[in-house]
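Each remark here refers to the structure printed beneath this line.
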Protein chains: 2
Amino acid sequence: MNIDDMILVSVDDHVVEPPDMFDNHLPAKFKELAPRVKHTDEGADVWYYEGQELPNIGLNAVAGKPPDEYGIEPTTFAEMRDGCYDIHERVRDMDANGVLGSMCFPSFPQFCGQLFSRTDDKTVALAMLQAYNDWHIDEWCGSYPGRFIPLSLPPIWDPGLMAAEVRRVAAKGCRAVTFSENPEKLGWPSFHSPHWDPFWQAVSEEGTVVCLHIGSSSQLTITSVEAPINVMITLQPMNIVQAAADILWSRVMVEFPDVRFALSEGGIGWIPYFLERVDYVDYRHRAWTGQDMPNGMLPSELFRERFITCFIDDAAGIKARHQVGLDHITWECDYPHSDATWPESPEWLAKALDGVPDDEVDAMTHLNALRLFHYDPFSTLDRAACTVGALRAGATGVDTVARPSGRVIQRPTTPIRIIDLAERATARKS
Amino acid sequence: MNIDDMILVSVDDHVVEPPDMFDNHLPAKFKELAPRVKHTDEGADVWYYEGQELPNIGLNAVAGKPPDEYGIEPTTFAEMRDGCYDIHERVRDMDANGVLGSMCFPSFPQFCGQLFSRTDDKTVALAMLQAYNDWHIDEWCGSYPGRFIPLSLPPIWDPGLMAAEVRRVAAKGCRAVTFSENPEKLGWPSFHSPHWDPFWQAVSEEGTVVCLHIGSSSQLTITSVEAPINVMITLQPMNIVQAAADILWSRVMVEFPDVRFALSEGGIGWIPYFLERVDYVDYRHRAWTGQDMPNGMLPSELFRERFITCFIDDAAGIKARHQVGLDHITWECDYPHSDATWPESPEWLAKALDGVPDDEVDAMTHLNALRLFHYDPFSTLDRAACTVGALRAGATGVDTVARPSGRVIQRPTTPIRIIDLAERATARKS
């Protein structure tokens, strides 16, 4: 397929929330309590909320930076590319990258809105969370109809409220919600508890996709604190296999057949191996572990029916796409994080998709995302204006060249270790 | 390839140690201190050593059992198939399965001989460990020349002793040693510490392969104690990716280029994805993390040079064998554990290898193992007598049919959970 003819929908990007995001979405009585950004003496822009500090981490906003300026230090809005937090610049950056549609995960409230769950007064917590969702849906996504798949935060502290919020935002057209790859690791009941049933019921009825982003259990895979940070960066995406196994063997599969899970930033290359494994476990161990699959399905069939997968640039996974399951593979850009292929996503994709028939390219780049996330850009936009070529042609004047900040960067002489980062974080706080 | 023409070398099987194993290998003054088996009032055969109890777990000796009799309860020698612990019956079982060669991991002393490391008197500890190694090499493997790849235990409490033991057993022809996939999780320094250097030096000089079996960090991947045990069974092999990343980015790669690691029971289907990931991490993060690969190699190239991989029945991995790296793939049977394909390994293999050219089949089924583990069966045995067909033809009278024990088995009505197993274990102890 000609690169310019591709249509790209990214089901995993990230918004760095702008400082004014709560201005228009909170009742007057809560305005004073809203999270706010302050510029610290150390020169970082940090969110403050009820005594909690939430810096913007450099590595989460590296789009347009040269790789030697990556790092986990706190950063400022001024140092970031405007597209990280400014919706108009974001759309221009999407255009320059040929990306039609985008679903954006939160930054400072954490993947499941844990920030708000730590508020003692749950009336305030819910007001903040709903203000966040309203800003996200109406202002961030709403500014450019047809360009975004809205994604809501759940009031994770109360499954009844979660259900109500799923329904409230569904009425506004939002049918995706973030959740944790392992809620037990966050201090809530596991996927094996009936605790979450009201939530599963609501997402089933609304057709809302439950999106589990890597890292949403707030647990990193640490082999050793002495390990180079490259070990952690390598392992982070592969950790999602734990969520896949945990959910596939959970009661959710049996009790709520309409729930659909998206494994956000989970990659796809590991899936053929995983599916062989679960089928083997079923075949070999079923007789004594007491576990049956619903409707006598194979675990692999169940996975392909209930899970939505996605890839950034995953040649092995693309090659094995029929073993993965072609009809649930979606694509992501990961803007503005460090794994993002921006501003050359179409070129990276074209390489990974080399030799794949056009209809299969279309399925993975956008058609699956449209169907699975109930996203209908072509009711708003002319399809011909949505291709890589058309979007890029309209993106005049977007400077995508990575430019050094001018800061002097000392490359470490020995590999940065996980403990070094922990020590730097402690030093900043003291 | 005709099934009967295959030659099979399994680089991961398990020995259930027989009760008399210490009889011929300890100096008289230590004999009284040796581990010994007692039949408990609860009807299990349990190893006792210095106040420690080490039951034989049923799931580790299921060869020849019907799957509804699998379970983690302690078992007895009488309930096991004789081939688990009797060398003569073991070879007959190998013959019946068409398996020429086998490397056997330990059972009751744990994968790295941790049992002995807990002995306060390290003179005694070393005597026990050396007796174990001598029994394994001279008696277990030595009874059938050409049929086994011997594997030693390391005195893991002292890297100097480890080096000496590597050299001592190498002189007797043993050039494989078990080690931990993550020694830090066992309470020792990590792969990133120079602590182990005498050991790396010795294995480098002797050409001894360091074998890391899944589970050798004594850490299971637990998503939740409420999770069905199927979750744990699914995830256990995939955990080895952590060791692969940890070691690939460690100083061992830089300082000891001759060390070779085998990822025992690690499977291969995940490897193409992993190799793409490590190359991407190198490409994208090298500039700021301070980590360079030795000799400017790609991480994937380094992995293919330094790691030996193996599979049981891994169709996705076989399909992607050239991305995995054909020349370091080996095969395993896993007898007598529950993942084993015995007594139909050739049939399972033939299915997974369907369409693979003969020379590639030979590489994966035996030639790679011969080269990488310095195993030379054909200096002892006539090659024509080593094929699946020839071995099976000689295995007259081996009864491989799974027969019920006659015990009444109640299949659980709800899936067995991880916490159920933990509770049963506690109940047994109290």
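Order determines the names: the first chain of the structure tokens is A, the second B, and so forth; residues in each chain are numbered 1 upward, and ligands are numbered 1 upward as they are shown.
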
Original post:
Quick one: residues within 9 Å of Pro159 of chain A, only C-alpha atoms counted, chain neighbours fewer than 6 positions away excluded, as a PyMOL selection string?
Top reply: chain A and resi 195-200

Subject >> Long-range neighbours of segment 343-353 of chain B as a VMD selection string, 10 Å cut-off, only C-alpha atoms, 3 positions minimum in chain >> reply: chain B and resid 1 to 4 6 to 8 63 to 64 93 to 99 311 to 319 331 to 333 335 340 356 to 358 360 to 361 364 to 365 388 to 389 399 to 402

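Comparing B:Ser217, B:Thr330, B:Ser379, B:Thr76 by their smallest distance to chain A, the closest is B:Ser217 (using only C-alpha atoms).
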
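Near segment 127-141 of chain A, within a cut-off of 6 Å and counting only C-alpha atoms, sit the residues His25, Leu26, Val124, Ala125, Ser143, Phe148, Pro150 and Ser152 of chain A, with same-chain residues fewer than 2 positions away left out.
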
Subject >> Test item: residues at most 8 Å from Gly83 of chain A, only C-alpha atoms, excluding those fewer than 6 positions along its chain, as a list of chain:residue names >> reply: A:Glu89, A:Arg90, A:Val91, A:Arg92, A:Asp93

Okay, now the selection with C-alpha atoms, as a PDB file, in the first residue's frame?
```pdb
ATOM      1  CA  GLU A  89      -0.947  22.086  18.256  1.00  0.00           C
ATOM      2  CA  ARG A  90      -1.736  18.439  19.025  1.00  0.00           C
ATOM      3  CA  VAL A  91      -3.955  18.219  15.970  1.00  0.00           C
ATOM      4  CA  ARG A  92      -1.287  19.893  13.855  1.00  0.00           C
ATOM      5  CA  ASP A  93       1.233  17.316  15.119  1.00  0.00           C
TER       6      ASP A  93
END
```

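Interatomic distance, atom CA of Glu32 of chain A to atom CA of Gly142 of chain A: 25.4 Å.
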
**OP:** Could you give me, as a list in words, the residues within 9 Å of Glu79 of chain B, counting only C-alpha atoms and dropping anything in the same chain fewer than 4 positions from it?
**Re:** Gly58, Thr75 and Ser405 of chain B

Subject >> Filtered DSSP result for segment 5-210 of chain A, state alpha helix (DSSP H), as a PyMOL selection string >> reply: chain A and resi 28-31+87-96+114-117+122-134+159-170+197-206
